[in-house]
file input_24.cif (mmCIF, C-alpha atoms and all ligand atoms)
data_run
#
loop_
_atom_site.label_atom_id
_atom_site.label_comp_id
_atom_site.auth_asym_id
_atom_site.auth_seq_id
_atom_site.Cartn_x
_atom_site.Cartn_y
_atom_site.Cartn_z
CA MET A 1 0.00 0.00 0.00
CA MET A 2 1.15 3.50 -0.78
CA GLU A 3 0.89 6.19 1.88
CA LYS A 4 -2.04 8.55 1.52
CA SER A 5 0.14 11.64 1.80
CA PHE A 6 2.37 10.30 -0.98
CA LEU A 7 -0.62 9.59 -3.19
CA ASP A 8 -2.10 13.03 -2.52
CA SER A 9 1.12 14.75 -3.49
CA ARG A 10 1.49 12.62 -6.64
CA ARG A 11 -2.10 13.48 -7.61
CA LYS A 12 -1.39 17.19 -7.12
CA ASP A 13 1.79 16.97 -9.22
CA ILE A 14 0.02 15.23 -12.07
CA GLU A 15 -2.87 17.72 -12.04
CA HIS A 16 -0.44 20.62 -11.93
CA ASN A 17 1.55 19.15 -14.83
CA LEU A 18 -1.60 18.70 -16.88
CA ASP A 19 -2.66 22.30 -16.26
CA ALA A 20 0.72 23.55 -17.42
CA ILE A 21 0.72 21.31 -20.50
CA ASN A 22 -2.81 22.30 -21.46
CA GLU A 23 -1.84 25.94 -21.26
CA LYS A 24 1.18 25.40 -23.50
CA ILE A 25 -0.87 23.40 -25.98
CA GLU A 26 -3.42 26.19 -26.13
CA LYS A 27 -0.74 28.81 -26.75
CA ALA A 28 0.88 26.78 -29.52
CA ALA A 29 -2.52 26.03 -31.06
CA LEU A 30 -3.46 29.72 -31.16
CA LYS A 31 -0.07 30.60 -32.57
CA SER A 32 -0.64 28.12 -35.39
CA GLY A 33 -4.10 29.51 -36.13
CA ARG A 34 -6.04 26.80 -34.35
CA LYS A 35 -7.90 26.29 -31.09
CA ARG A 36 -7.11 24.17 -28.03
CA GLU A 37 -9.84 21.71 -29.05
CA ASP A 38 -8.11 21.09 -32.37
CA ILE A 39 -5.20 19.37 -30.62
CA ARG A 40 -5.58 16.08 -28.77
CA LEU A 41 -3.49 15.32 -25.71
CA MET A 42 -2.51 11.71 -25.17
CA ALA A 43 -1.13 10.61 -21.82
CA VAL A 44 1.61 8.07 -22.52
CA THR A 45 1.38 5.56 -19.69
CA LYS A 46 4.22 3.08 -20.27
CA THR A 47 5.84 1.99 -16.97
CA VAL A 48 3.32 4.11 -15.01
CA ASP A 49 1.33 2.43 -12.23
CA PRO A 50 -2.45 2.37 -12.85
CA VAL A 51 -2.99 4.32 -9.60
CA PHE A 52 -1.22 7.33 -11.13
CA ILE A 53 -2.73 6.86 -14.57
CA ASN A 54 -6.14 7.08 -12.92
CA PHE A 55 -5.22 10.47 -11.41
CA ALA A 56 -4.79 11.77 -14.96
CA LEU A 57 -7.96 10.05 -16.17
CA ASP A 58 -9.96 11.46 -13.24
CA TYR A 59 -8.65 14.89 -14.20
CA GLY A 60 -10.05 14.73 -17.71
CA ILE A 61 -7.53 12.85 -19.84
CA ASP A 62 -9.55 10.98 -22.46
CA LEU A 63 -6.77 9.35 -24.49
CA ILE A 64 -3.95 7.09 -23.33
CA GLY A 65 -1.13 5.43 -25.20
CA GLU A 66 0.81 2.29 -24.32
CA ASN A 67 3.83 0.81 -26.10
CA ARG A 68 3.48 -2.85 -25.26
CA VAL A 69 0.59 -5.20 -25.83
CA GLN A 70 1.15 -7.20 -22.62
CA GLU A 71 1.47 -4.15 -20.40
CA LEU A 72 -1.67 -2.61 -21.84
CA LEU A 73 -3.75 -5.76 -21.39
CA ARG A 74 -2.44 -6.23 -17.85
CA LYS A 75 -3.26 -2.67 -16.71
CA LYS A 76 -6.59 -2.30 -18.49
CA PRO A 77 -8.84 -3.81 -15.78
CA ASP A 78 -7.44 -1.38 -13.17
CA LEU A 79 -7.99 1.80 -15.18
CA HIS A 80 -10.92 4.24 -15.09
CA LEU A 81 -11.53 3.89 -18.81
CA ASP A 82 -15.11 5.11 -19.19
CA GLY A 83 -15.12 7.24 -22.33
CA VAL A 84 -11.34 6.97 -22.68
CA GLU A 85 -9.63 6.04 -25.96
CA LYS A 86 -6.70 3.67 -25.93
CA HIS A 87 -3.99 3.67 -28.59
CA LEU A 88 -1.06 1.35 -29.13
CA ILE A 89 2.01 3.46 -29.93
CA GLY A 90 4.84 0.90 -29.79
CA HIS A 91 6.12 -1.53 -32.41
CA LEU A 92 3.71 -4.43 -32.88
CA GLN A 93 4.99 -7.91 -33.63
CA THR A 94 2.96 -9.95 -36.08
CA ASN A 95 2.34 -12.71 -33.55
CA LYS A 96 0.79 -10.23 -31.07
CA ALA A 97 -1.65 -8.61 -33.50
CA GLY A 98 -4.41 -11.07 -32.63
CA GLN A 99 -4.20 -10.10 -28.96
CA ILE A 100 -4.45 -6.36 -29.48
CA VAL A 101 -6.95 -6.00 -32.32
CA GLY A 102 -10.31 -5.17 -30.75
CA GLU A 103 -8.68 -4.16 -27.44
CA VAL A 104 -7.58 -0.67 -28.53
CA ASP A 105 -9.24 2.13 -30.47
CA MET A 106 -6.25 2.75 -32.67
CA ILE A 107 -2.88 1.28 -33.56
CA GLU A 108 -0.60 4.25 -34.27
CA SER A 109 2.53 2.24 -34.90
CA VAL A 110 1.87 0.50 -38.22
CA ASP A 111 5.39 0.35 -39.59
CA SER A 112 5.28 -2.25 -42.37
CA LEU A 113 3.01 -3.63 -45.06
CA LYS A 114 3.21 -7.00 -43.32
CA ILE A 115 1.82 -5.75 -40.00
CA ALA A 116 -0.89 -3.74 -41.78
CA LYS A 117 -2.02 -6.94 -43.49
CA GLU A 118 -1.91 -8.91 -40.24
CA ILE A 119 -4.00 -6.28 -38.40
CA ALA A 120 -6.50 -6.46 -41.26
CA LYS A 121 -6.59 -10.25 -41.09
CA GLN A 122 -7.22 -10.23 -37.33
CA SER A 123 -9.84 -7.48 -37.71
CA LEU A 124 -11.72 -9.50 -40.32
CA LYS A 125 -11.68 -12.48 -37.97
CA LYS A 126 -13.34 -10.35 -35.29
CA GLY A 127 -15.71 -8.69 -37.74
CA ILE A 128 -14.36 -5.19 -37.06
CA THR A 129 -12.43 -2.43 -38.80
CA THR A 130 -9.32 -1.17 -36.99
CA ASP A 131 -8.26 2.48 -37.09
CA VAL A 132 -4.54 2.87 -37.69
CA LEU A 133 -1.85 5.45 -38.29
CA LEU A 134 1.18 4.78 -40.46
CA GLU A 135 4.44 5.42 -38.65
CA ILE A 136 7.14 7.18 -40.61
CA ASN A 137 10.78 7.11 -39.56
CA ILE A 138 11.30 10.68 -40.67
CA GLY A 139 14.94 10.84 -39.59
CA GLU A 140 15.67 7.57 -41.47
CA GLU A 141 17.36 6.25 -38.32
CA GLU A 142 18.49 2.62 -38.36
CA SER A 143 17.57 2.16 -34.72
CA LYS A 144 13.98 3.29 -35.16
CA THR A 145 10.86 1.57 -36.42
CA GLY A 146 8.64 3.14 -39.06
CA PHE A 147 8.50 3.30 -42.84
CA SER A 148 11.31 5.20 -44.48
CA LYS A 149 9.90 7.84 -46.80
CA THR A 150 10.79 5.70 -49.81
CA GLU A 151 9.14 2.57 -48.39
CA PHE A 152 6.13 4.61 -47.45
CA PHE A 153 5.51 5.87 -50.97
CA GLU A 154 6.31 2.46 -52.48
CA ASN A 155 3.72 0.76 -50.28
CA LEU A 156 1.10 3.47 -50.14
CA HIS A 157 -1.25 2.16 -52.81
CA GLU A 158 -1.09 -1.41 -51.65
CA ILE A 159 -1.82 -0.35 -48.07
CA SER A 160 -4.74 1.77 -49.16
CA GLU A 161 -6.29 -1.30 -50.77
CA ILE A 162 -6.21 -3.43 -47.62
CA GLY A 163 -9.72 -3.84 -46.25
CA ALA A 164 -10.67 -3.90 -42.54
CA ILE A 165 -8.26 -1.12 -41.61
CA ASN A 166 -8.96 2.60 -41.71
CA ILE A 167 -5.88 4.73 -42.17
CA LYS A 168 -6.54 7.86 -40.17
CA GLY A 169 -3.19 9.56 -40.51
CA LEU A 170 0.50 9.53 -39.71
CA MET A 171 2.66 9.14 -36.63
CA THR A 172 6.32 9.91 -36.14
CA VAL A 173 9.10 10.06 -33.56
CA PRO A 174 11.74 12.45 -34.87
CA PRO A 175 15.44 12.05 -34.10
CA ILE A 176 16.67 13.57 -30.88
CA CYS A 177 18.05 16.95 -31.80
CA ASP A 178 18.75 20.05 -29.79
CA ASN A 179 18.68 22.30 -32.80
CA GLU A 180 15.18 23.76 -33.13
CA ALA A 181 15.46 24.60 -36.80
CA GLU A 182 16.54 21.06 -37.63
CA LEU A 183 13.72 19.57 -35.58
CA CYS A 184 11.22 21.79 -37.36
CA LYS A 185 12.51 20.51 -40.69
CA PHE A 186 11.59 16.95 -39.68
CA PHE A 187 8.15 18.02 -38.50
CA GLU A 188 7.50 20.13 -41.57
CA ASN A 189 8.68 17.34 -43.81
CA ILE A 190 6.10 14.96 -42.41
CA TYR A 191 3.40 17.63 -42.39
CA GLY A 192 4.05 18.04 -46.11
CA ILE A 193 3.55 14.31 -46.68
CA PHE A 194 0.37 14.42 -44.58
CA VAL A 195 -1.10 17.23 -46.67
CA ASP A 196 -0.07 15.61 -49.98
CA ILE A 197 -1.60 12.23 -49.12
CA LYS A 198 -4.76 13.87 -47.87
CA ALA A 199 -5.13 15.62 -51.21
CA LYS A 200 -4.84 12.31 -53.08
CA LYS A 201 -8.07 11.08 -51.44
CA LEU A 202 -7.04 7.42 -51.51
CA ASP A 203 -9.38 4.63 -50.40
CA ASN A 204 -9.38 4.03 -46.64
CA MET A 205 -7.14 7.03 -46.03
CA THR A 206 -8.84 9.95 -44.33
CA MET A 207 -5.61 11.55 -43.10
CA SER A 208 -7.20 13.48 -40.26
CA ILE A 209 -4.62 12.73 -37.54
CA LEU A 210 -1.01 13.84 -37.44
CA SER A 211 0.48 12.35 -34.28
CA MET A 212 3.78 14.01 -33.42
CA GLY A 213 5.29 15.75 -30.43
CA MET A 214 6.42 14.34 -27.07
CA SER A 215 7.43 15.91 -23.74
CA GLY A 216 10.49 17.62 -25.17
CA ASP A 217 9.08 18.99 -28.39
CA TYR A 218 5.28 19.11 -28.41
CA GLU A 219 4.96 22.87 -28.74
CA GLN A 220 7.15 22.89 -31.83
CA ALA A 221 5.29 19.90 -33.22
CA ILE A 222 1.99 21.76 -32.87
CA LEU A 223 3.47 24.83 -34.55
CA CYS A 224 4.44 22.52 -37.44
CA GLY A 225 0.94 21.05 -37.84
CA SER A 226 0.59 18.24 -35.30
CA ASN A 227 -2.92 17.66 -33.97
CA LEU A 228 -2.13 14.86 -31.51
CA VAL A 229 0.68 15.08 -28.98
CA ARG A 230 1.87 12.04 -27.00
CA ILE A 231 3.16 13.08 -23.59
CA GLY A 232 4.54 10.84 -20.86
CA SER A 233 7.27 12.13 -18.59
CA SER A 234 6.02 15.72 -18.46
CA ILE A 235 2.78 14.38 -16.96
CA PHE A 236 3.95 11.50 -14.78
CA GLY A 237 7.60 12.36 -14.13
CA PRO A 238 10.67 10.42 -15.26
CA ARG A 239 10.05 6.78 -16.11
CA ILE A 240 11.47 4.14 -13.77
CA TYR A 241 12.18 0.92 -15.64
C1 LIG B 1 7.42 7.02 -24.59
C2 LIG B 1 6.80 7.57 -25.82
C3 LIG B 1 6.23 8.86 -25.84
C4 LIG B 1 6.26 9.81 -24.66
O1 LIG B 1 7.56 10.23 -24.38
P1 LIG B 1 7.87 11.41 -23.31
O2 LIG B 1 9.15 11.96 -23.76
O3 LIG B 1 7.92 10.76 -21.98
O4 LIG B 1 6.75 12.38 -23.41
C5 LIG B 1 5.62 9.28 -27.02
N1 LIG B 1 5.57 8.49 -28.11
C6 LIG B 1 6.10 7.25 -28.13
C7 LIG B 1 6.01 6.45 -29.37
C8 LIG B 1 6.73 6.77 -26.99
O5 LIG B 1 7.30 5.55 -27.03
#
call {"tool": "encode", "arguments": {"input": "input_24.cif", "output": "structure tokens"}}
result
Amino acid sequence: MMEKSFLDSRRKDIEHNLDAINEKIEKAALKSGRKREDIRLMAVTKTVDPVFINFALDYGIDLIGENRVQELLRKKPDLHLDGVEKHLIGHLQTNKAGQIVGEVDMIESVDSLKIAKEIAKQSLKKGITTDVLLEINIGEEESKTGFSKTEFFENLHEISEIGAINIKGLMTVPPICDNEAELCKFFENIYGIFVDIKAKKLDNMTMSILSMGMSGDYEQAILCGSNLVRIGSSIFGPRIY
């Protein structure tokens, strides 16, 4: 059992963090000609104890993201999930697709044609359509998952023809970089792709969500066109693995 005074102070911290983040999101939204409501805030809950996640949910968070299938399924029964959307944001292995399809509202981390097809296959089995985002490795980093730009354009038409998935937009994790101008180039690059694909009006591709921006760079991401920011440590504090 955790001490009540400890829990109370953690709750206060999380609420305070959310207030500060919401204010910054609003400022960046206005600066980019939009409103606070145009930007969705996801609380990224990997490694966070359900007790603390619930503090954020009780305070109005209506979207959470988890990286791992097992962790998400394990925590789910303990969370206050009424009216809350759940997204998978971590790399999904083909052999886990069957466990996660139907358990989340969106899979943001579709990073290959193969996994897109597997999600579709599992969705068909369950008689549902799964909303997905395509993840682009915008910095072309070896260590990161996601389609390279080339792969993305090569596979685009084939992906758009897969039934039982709805492609709602794009997701990206840019390279770590302390140079703001360079970071903006990555964000603007992907925003350009987002706008181009949207204009093509392909089957199954509505392109309404651009998921980019984390604790360290969400304001810039919003200024560059993001409409969904995924924030973990700025809400819950540093992750303890
Ligand atoms: C962990 C994670 C985040 C949140 O990172 P923070 O820096 O803690 O905000 C966002 N997106 C993905 C894909 C993640 O894995």
call {"tool": "residues_near_ligand", "arguments": {"input": "input_24.cif", "ligand": "ligand LIG 1 (chain B)", "cutoff": "7 Å", "atoms": "all atoms listed in the file", "output": "PyMOL selection string"}}
result
chain A and resi 44+46+67+89-90+173+214-216+230-234
call {"tool": "atom_distance", "arguments": {"input": "input_24.cif", "atom1": "atom CA of A:Leu223", "atom2": "atom CA of A:Gly83"}}
result
28.4 Å
call {"tool": "closest_residue", "arguments": {"input": "input_24.cif", "among": "A:Lys185, A:Lys12, A:Lys35, A:Lys86", "to": "A:Asp58", "atoms": "all atoms listed in the file"}}
result
A:Lys12
call {"tool": "residues_near_point", "arguments": {"input": "input_24.cif", "point": "(-7.3, -10.0, -40.7)", "cutoff": "10 Å", "atoms": "only C-alpha atoms", "output": "PyMOL selection string"}}
result
chain A and resi 97-98+101+116-130+162-165
call {"tool": "residues_near_point", "arguments": {"input": "input_24.cif", "point": "(-1.6, 17.0, -21.4)", "cutoff": "7 Å", "atoms": "only C-alpha atoms", "output": "list of chain:residue names"}}
result
A:Leu18, A:Ile21, A:Asn22, A:Leu41, A:Met42, A:Ala43, A:Ile231, A:Ile235
call {"tool": "atom_distance", "arguments": {"input": "input_24.cif", "atom1": "atom CA of A:Leu170", "atom2": "atom CA of A:Leu133"}}
result
4.9 Å
call {"tool": "residues_around", "arguments": {"input": "input_24.cif", "residues": "A:Lys75", "least_positions_apart": "4", "cutoff": "12 Å", "atoms": "only C-alpha atoms", "output": "ChimeraX atom specification"}}
result
/A:45-54,64-66,68-71,79-81,86
call {"tool": "write_last_selection", "arguments": {"input": "input_24.cif", "atoms": "C-alpha atoms", "output": "short mmCIF file (atom, residue, chain, number, x, y, z; two decimals), keeping the file's coordinate frame"}}
result
data_model
loop_
_atom_site.label_atom_id
_atom_site.label_comp_id
_atom_site.auth_asym_id
_atom_site.auth_seq_id
_atom_site.Cartn_x
_atom_site.Cartn_y
_atom_site.Cartn_z
CA THR A 45 1.38 5.56 -19.69
CA LYS A 46 4.22 3.08 -20.27
CA THR A 47 5.84 1.99 -16.97
CA VAL A 48 3.32 4.11 -15.01
CA ASP A 49 1.33 2.43 -12.23
CA PRO A 50 -2.45 2.37 -12.85
CA VAL A 51 -2.99 4.32 -9.60
CA PHE A 52 -1.22 7.33 -11.13
CA ILE A 53 -2.73 6.86 -14.57
CA ASN A 54 -6.14 7.08 -12.92
CA ILE A 64 -3.95 7.09 -23.33
CA GLY A 65 -1.13 5.43 -25.20
CA GLU A 66 0.81 2.29 -24.32
CA ARG A 68 3.48 -2.85 -25.26
CA VAL A 69 0.59 -5.20 -25.83
CA GLN A 70 1.15 -7.20 -22.62
CA GLU A 71 1.47 -4.15 -20.40
CA LEU A 79 -7.99 1.80 -15.18
CA HIS A 80 -10.92 4.24 -15.09
CA LEU A 81 -11.53 3.89 -18.81
CA LYS A 86 -6.70 3.67 -25.93
#
call {"tool": "closest_residue", "arguments": {"input": "input_24.cif", "among": "A:Asp203, A:Glu180, A:Glu142, A:Asp38", "to": "A:Glu158", "atoms": "only C-alpha atoms"}}
result
A:Asp203
call {"tool": "atom_distance", "arguments": {"input": "input_24.cif", "atom1": "atom CA of A:Met171", "atom2": "atom CA of A:Tyr59"}}
result
25.8 Å
call {"tool": "residues_around", "arguments": {"input": "input_24.cif", "residues": "A:His91", "least_positions_apart": "5", "cutoff": "9 Å", "atoms": "only C-alpha atoms", "output": "list in words"}}
result
Asn67, Arg68, Ser109, Val110, Asp111, Thr145 and Gly146 of chain A
call {"tool": "closest_residue", "arguments": {"input": "input_24.cif", "among": "A:Asp196, A:Glu135, A:Glu161, A:Glu154", "to": "A:Ser211", "atoms": "all atoms listed in the file"}}
result
A:Glu135
call {"tool": "closest_residue", "arguments": {"input": "input_24.cif", "among": "A:Glu141, A:Glu151, A:Glu182, A:Asp105", "to": "A:Lys168", "atoms": "only C-alpha atoms"}}
result
A:Asp105
call {"tool": "closest_residue", "arguments": {"input": "input_24.cif", "among": "A:Glu85, A:Gly225, A:Asp78, A:Asp8", "to": "A:Ser32", "atoms": "only C-alpha atoms"}}
result
A:Gly225
call {"tool": "build_atoms", "arguments": {"input": "input_24.cif", "residues": "stretch 58-74 of chain A", "atoms": "N, CA and C atoms", "output": "PDB file, in the frame of the given file"}}
result
ATOM      1  N   ASP A  58      -8.960  10.783 -14.063  1.00  0.00           N
ATOM      2  CA  ASP A  58      -9.960  11.460 -13.240  1.00  0.00           C
ATOM      3  C   ASP A  58      -9.939  12.972 -13.489  1.00  0.00           C
ATOM      4  N   TYR A  59      -8.813  13.453 -13.975  1.00  0.00           N
ATOM      5  CA  TYR A  59      -8.650  14.890 -14.200  1.00  0.00           C
ATOM      6  C   TYR A  59      -9.004  15.281 -15.635  1.00  0.00           C
ATOM      7  N   GLY A  60      -9.523  14.368 -16.401  1.00  0.00           N
ATOM      8  CA  GLY A  60     -10.050  14.730 -17.710  1.00  0.00           C
ATOM      9  C   GLY A  60      -9.313  14.185 -18.920  1.00  0.00           C
ATOM     10  N   ILE A  61      -8.220  13.460 -18.694  1.00  0.00           N
ATOM     11  CA  ILE A  61      -7.530  12.850 -19.840  1.00  0.00           C
ATOM     12  C   ILE A  61      -8.459  11.806 -20.482  1.00  0.00           C
ATOM     13  N   ASP A  62      -8.624  11.916 -21.805  1.00  0.00           N
ATOM     14  CA  ASP A  62      -9.550  10.980 -22.460  1.00  0.00           C
ATOM     15  C   ASP A  62      -8.867  10.148 -23.549  1.00  0.00           C
ATOM     16  N   LEU A  63      -7.529  10.125 -23.507  1.00  0.00           N
ATOM     17  CA  LEU A  63      -6.770   9.350 -24.490  1.00  0.00           C
ATOM     18  C   LEU A  63      -5.461   8.906 -23.846  1.00  0.00           C
ATOM     19  N   ILE A  64      -5.230   7.588 -23.849  1.00  0.00           N
ATOM     20  CA  ILE A  64      -3.950   7.090 -23.330  1.00  0.00           C
ATOM     21  C   ILE A  64      -3.241   6.266 -24.392  1.00  0.00           C
ATOM     22  N   GLY A  65      -1.931   6.214 -24.274  1.00  0.00           N
ATOM     23  CA  GLY A  65      -1.130   5.430 -25.200  1.00  0.00           C
ATOM     24  C   GLY A  65      -0.194   4.504 -24.446  1.00  0.00           C
ATOM     25  N   GLU A  66      -0.126   3.262 -24.891  1.00  0.00           N
ATOM     26  CA  GLU A  66       0.810   2.290 -24.320  1.00  0.00           C
ATOM     27  C   GLU A  66       1.679   1.741 -25.441  1.00  0.00           C
ATOM     28  N   ASN A  67       2.909   1.341 -25.097  1.00  0.00           N
ATOM     29  CA  ASN A  67       3.830   0.810 -26.100  1.00  0.00           C
ATOM     30  C   ASN A  67       3.737  -0.688 -26.285  1.00  0.00           C
ATOM     31  N   ARG A  68       3.417  -1.392 -25.198  1.00  0.00           N
ATOM     32  CA  ARG A  68       3.480  -2.850 -25.260  1.00  0.00           C
ATOM     33  C   ARG A  68       2.123  -3.501 -25.044  1.00  0.00           C
ATOM     34  N   VAL A  69       1.868  -4.491 -25.864  1.00  0.00           N
ATOM     35  CA  VAL A  69       0.590  -5.200 -25.830  1.00  0.00           C
ATOM     36  C   VAL A  69       0.330  -5.784 -24.429  1.00  0.00           C
ATOM     37  N   GLN A  70       1.337  -6.499 -23.896  1.00  0.00           N
ATOM     38  CA  GLN A  70       1.150  -7.200 -22.620  1.00  0.00           C
ATOM     39  C   GLN A  70       0.862  -6.227 -21.485  1.00  0.00           C
ATOM     40  N   GLU A  71       1.636  -5.144 -21.469  1.00  0.00           N
ATOM     41  CA  GLU A  71       1.470  -4.150 -20.400  1.00  0.00           C
ATOM     42  C   GLU A  71       0.084  -3.521 -20.468  1.00  0.00           C
ATOM     43  N   LEU A  72      -0.358  -3.227 -21.665  1.00  0.00           N
ATOM     44  CA  LEU A  72      -1.670  -2.610 -21.840  1.00  0.00           C
ATOM     45  C   LEU A  72      -2.781  -3.542 -21.358  1.00  0.00           C
ATOM     46  N   LEU A  73      -2.699  -4.804 -21.758  1.00  0.00           N
ATOM     47  CA  LEU A  73      -3.750  -5.760 -21.390  1.00  0.00           C
ATOM     48  C   LEU A  73      -3.751  -6.007 -19.876  1.00  0.00           C
ATOM     49  N   ARG A  74      -2.550  -5.995 -19.290  1.00  0.00           N
ATOM     50  CA  ARG A  74      -2.440  -6.230 -17.850  1.00  0.00           C
ATOM     51  C   ARG A  74      -3.039  -5.076 -17.041  1.00  0.00           C
TER      52      ARG A  74
END
